[in-house]
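Some notes on the structure that comes next.
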Amino acid sequence: MITDYHIHTKMCGHATGDLEDYLAVAIRDGLEEIGFSDHLPLYFLPPAAIPVGYAMTEADLPVYVDAVQRLQETSPVRVKLGVEADYVPGCESKLEKLLKAYPFDYVIGSVHFIDGWSFDNQEEIDRYSQWDIWELYERYFTLIQQAAMTGLFDIMAHPDLIKKFNYLPSQDLMPLYEDTVQIFKRAGVCMEVNTAGLRCPVQEIYPAPGFLRAAFSQGVEVTLGSDAHHPEQVGAGLPEAVNFLKAAGYSEIASFKRRDRIINNML
Ligand SMILES: [Zn+2]
Ligand SMILES: [Zn+2]
């Protein structure tokens, strides 16, 4: 089975297309199962400080859940109700409350912010020059490790998103990868193989090959996602991702139902 578990819609404010437009591409391209994972409202900010165009609003969230559930009833492709939730230290109980209010099939945990800096945003790219890149990587990996350990997430999104703009340290990253996959394994989270990196300056799938090999050797399970922000991006790069997984030793991918994990043979 091949799935695409990371799909956004226009509800988040920075993607185009309705749920139906994304589903139409999945049907056309013969995907067996997809999951929507639009951005959870920025629960960690005071309402007045929430920027427009990053995530769904609080008012949108129940509308999104309803719309996905309606689609599930008629779709010829299996549709899952997922969500992509930011991890921000200190705001765990707020997040837990929000997640419990809806019957999600899975929750993807992401780190897009480091101390309020939206480091994957092209408009904030000048802030990389204020960092020692190795220290930045250490900080980022510490955050994804902490996120995994909260127990609030099923899947860790684009696990080395920090490489997006090609700011790469000269140091060997394997020790960071190895520590991280050990924590993922202990925390029982899946690692996402996310093809959006192929469309970014780094031009590489998240995670890096060594990171994926480390995950395989620890027995960390994986999910697949295109991170589509446009209907035509549904399934984008998944054939490459499957080859990449096989080269690292993987033959299985995980899917989810009401936050229970199912292991499937990858075709
Ligand atoms: Zn997005
Ligand atoms: Zn993301």
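Following the order of the structure tokens, first chain is A, next is B, and so on, with residues numbered from 1 inside each chain and ligands from 1 in the order they appear.
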- Message: Quick check for you: according to DSSP on this backbone, which residues of region 49-245 of chain A are classed as strand (DSSP E or B)? Reply as a PyMOL selection string.
- Response: chain A and resi 78-86+106-110+113-114+117-118+155-156+190-194+206+222-225+228
- Would you mind writing down, as a PyMOL selection string, each residue of region 3-216 of chain A that DSSP on the backbone assigns to helix (DSSP H, G or I)? chain A and resi 10-12+19-28+47-49+60-74+92-100+122-130+133-149+161-163+174-187+195-199+209-216
- Item | Of the listed residues A:Pro159, A:Asp4, A:Lys94, A:Pro76, that which approaches Leu238 (chain A) most closely, counting only C-alpha atoms | A:Asp4
- Among the residues A:Ser93, A:Gln171, A:Ser255, A:Asn265, the one that comes closest to Asp154 (chain A) [using only C-alpha atoms]: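 Among A:Ser93, A:Gln171, A:Ser255, A:Asn265, it is A:Ser255 that comes nearest to Asp154 (chain A).
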- Task: Can you work out which one of A:His229, A:Lys10, A:Lys97, A:Arg127 has the shortest atom-to-atom distance to ligand 2, counting only C-alpha atoms and all ligand atoms?
- Result: A:His229
- Task: Name the residues in contact with Thr223 (chain A) at a cut-off of 12 Å, using only C-alpha atoms, excluding same-chain residues fewer than 3 positions from it; report them as JSON, numbers by chain.
- Result: {"A": [1, 2, 3, 4, 5, 6, 33, 34, 35, 106, 107, 108, 154, 155, 156, 157, 158, 159, 189, 190, 191, 192, 193, 194, 195, 206, 207, 212, 220, 226, 227, 238, 241, 242, 245, 250, 251, 252, 253, 254, 255, 256, 261, 262, 263, 264, 265, 266]}
Shell of 12 Å around ligand 1 (only C-alpha atoms and all ligand atoms), written as a tab-separated table (two decimals) with N, CA and C atoms, in the first residue's frame:
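Resulting contents of result11.tsv:
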chain	number	residue	atom	x	y	z
A	6	HIS	N	0.20	13.46	4.26
A	6	HIS	CA	0.50	14.86	4.62
A	6	HIS	C	-0.04	15.76	3.51
A	7	ILE	N	-1.28	16.19	3.68
A	7	ILE	CA	-1.96	17.00	2.67
A	7	ILE	C	-2.63	18.19	3.36
A	8	HIS	N	-2.34	19.38	2.84
A	8	HIS	CA	-2.97	20.60	3.37
A	8	HIS	C	-4.11	21.01	2.44
A	9	THR	N	-4.89	21.99	2.83
A	9	THR	CA	-5.94	22.54	1.98
A	9	THR	C	-5.92	24.06	2.16
A	10	LYS	N	-6.75	24.73	1.41
A	10	LYS	CA	-6.75	26.20	1.50
A	10	LYS	C	-7.17	26.71	2.87
A	11	MET	N	-7.74	25.83	3.70
A	11	MET	CA	-8.17	26.27	5.03
A	11	MET	C	-7.01	26.80	5.88
A	12	CYS	N	-5.79	26.32	5.61
A	12	CYS	CA	-4.66	26.77	6.44
A	12	CYS	C	-4.20	28.17	6.05
A	13	GLY	N	-4.68	28.67	4.91
A	13	GLY	CA	-4.36	30.05	4.54
A	13	GLY	C	-3.14	30.21	3.65
A	14	HIS	N	-2.36	29.13	3.42
A	14	HIS	CA	-1.22	29.26	2.52
A	14	HIS	C	-1.16	28.11	1.51
A	15	ALA	N	-2.26	27.37	1.38
A	15	ALA	CA	-2.36	26.33	0.36
A	15	ALA	C	-3.54	26.67	-0.54
A	16	THR	N	-3.61	26.05	-1.70
A	16	THR	CA	-4.76	26.30	-2.58
A	16	THR	C	-5.57	25.02	-2.73
A	36	PHE	N	-5.77	13.81	5.25
A	36	PHE	CA	-5.61	15.27	5.33
A	36	PHE	C	-4.94	15.59	6.67
A	37	SER	N	-4.08	16.57	6.62
A	37	SER	CA	-3.32	16.93	7.84
A	37	SER	C	-3.11	18.43	7.83
A	38	ASP	N	-4.22	19.15	7.83
A	38	ASP	CA	-4.05	20.60	7.79
A	38	ASP	C	-3.49	21.10	9.12
A	39	HIS	N	-3.00	22.34	9.09
A	39	HIS	CA	-2.30	22.88	10.27
A	39	HIS	C	-3.27	23.22	11.39
A	40	LEU	N	-3.06	22.61	12.54
A	40	LEU	CA	-3.84	22.91	13.74
A	40	LEU	C	-3.67	24.40	14.08
A	41	PRO	N	-4.74	25.04	14.58
A	41	PRO	CA	-4.59	26.45	14.98
A	41	PRO	C	-3.37	26.65	15.89
A	53	GLY	N	-2.57	33.16	7.88
A	53	GLY	CA	-1.94	32.42	6.79
A	53	GLY	C	-0.95	31.36	7.20
A	54	TYR	N	-0.90	31.05	8.50
A	54	TYR	CA	-0.01	29.96	8.95
A	54	TYR	C	-0.77	28.67	9.17
A	55	ALA	N	-2.00	28.79	9.63
A	55	ALA	CA	-2.71	27.61	10.12
A	55	ALA	C	-4.22	27.89	10.09
A	56	MET	N	-5.00	26.82	10.32
A	56	MET	CA	-6.45	27.02	10.44
A	56	MET	C	-6.72	27.90	11.66
A	83	VAL	N	-4.08	15.64	11.33
A	83	VAL	CA	-3.82	17.06	11.59
A	83	VAL	C	-2.31	17.20	11.80
A	84	GLU	N	-1.78	18.35	11.42
A	84	GLU	CA	-0.37	18.65	11.69
A	84	GLU	C	-0.32	19.68	12.80
A	85	ALA	N	0.30	19.31	13.90
A	85	ALA	CA	0.29	20.17	15.09
A	85	ALA	C	1.70	20.61	15.43
A	86	ASP	N	1.86	21.90	15.67
A	86	ASP	CA	3.17	22.41	16.08
A	86	ASP	C	3.46	22.00	17.51
A	110	SER	N	5.12	18.59	14.52
A	110	SER	CA	6.10	19.35	13.74
A	110	SER	C	6.80	20.37	14.61
A	112	HIS	N	8.21	23.87	13.59
A	112	HIS	CA	8.38	24.92	12.59
A	112	HIS	C	8.89	26.21	13.23
A	120	ASP	N	11.35	27.91	8.76
A	120	ASP	CA	11.15	27.34	7.42
A	120	ASP	C	10.42	28.32	6.50
A	121	ASN	N	10.31	29.57	6.96
A	121	ASN	CA	9.63	30.60	6.19
A	121	ASN	C	10.67	31.42	5.43
A	157	ALA	N	6.88	14.85	11.79
A	157	ALA	CA	6.89	15.38	10.43
A	157	ALA	C	8.30	15.74	9.97
A	158	HIS	N	8.48	15.71	8.65
A	158	HIS	CA	9.72	16.22	8.02
A	158	HIS	C	10.85	16.38	9.05
A	196	ALA	N	8.49	16.88	0.41
A	196	ALA	CA	8.52	18.33	0.13
A	196	ALA	C	9.94	18.85	-0.02
A	226	SER	N	3.45	13.79	1.02
A	226	SER	CA	3.94	14.74	0.01
A	226	SER	C	4.02	16.16	0.55
A	227	ASP	N	3.29	16.44	1.64
A	227	ASP	CA	3.16	17.82	2.14
A	227	ASP	C	2.54	18.72	1.06
A	228	ALA	N	1.55	18.17	0.36
A	228	ALA	CA	0.90	18.92	-0.72
A	228	ALA	C	0.26	20.20	-0.19
A	229	HIS	N	0.54	21.29	-0.88
A	229	HIS	CA	-0.13	22.57	-0.61
A	229	HIS	C	-0.87	23.02	-1.85
A	230	HIS	N	-0.88	22.16	-2.86
A	230	HIS	CA	-1.59	22.39	-4.12
A	230	HIS	C	-2.11	21.02	-4.56
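Of the residues under consideration (A:Gln145, A:Asp132, A:Val63, A:Pro51), A:Gln145 shows the shortest atom-to-atom contact distance to Tyr87 (chain A) when counting only C-alpha atoms.
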- For ligand 2, which residue among A:Pro47, A:Gly151, A:Gly210, A:Gly197 is the nearest when counting only C-alpha atoms and all ligand atoms? A:Gly197
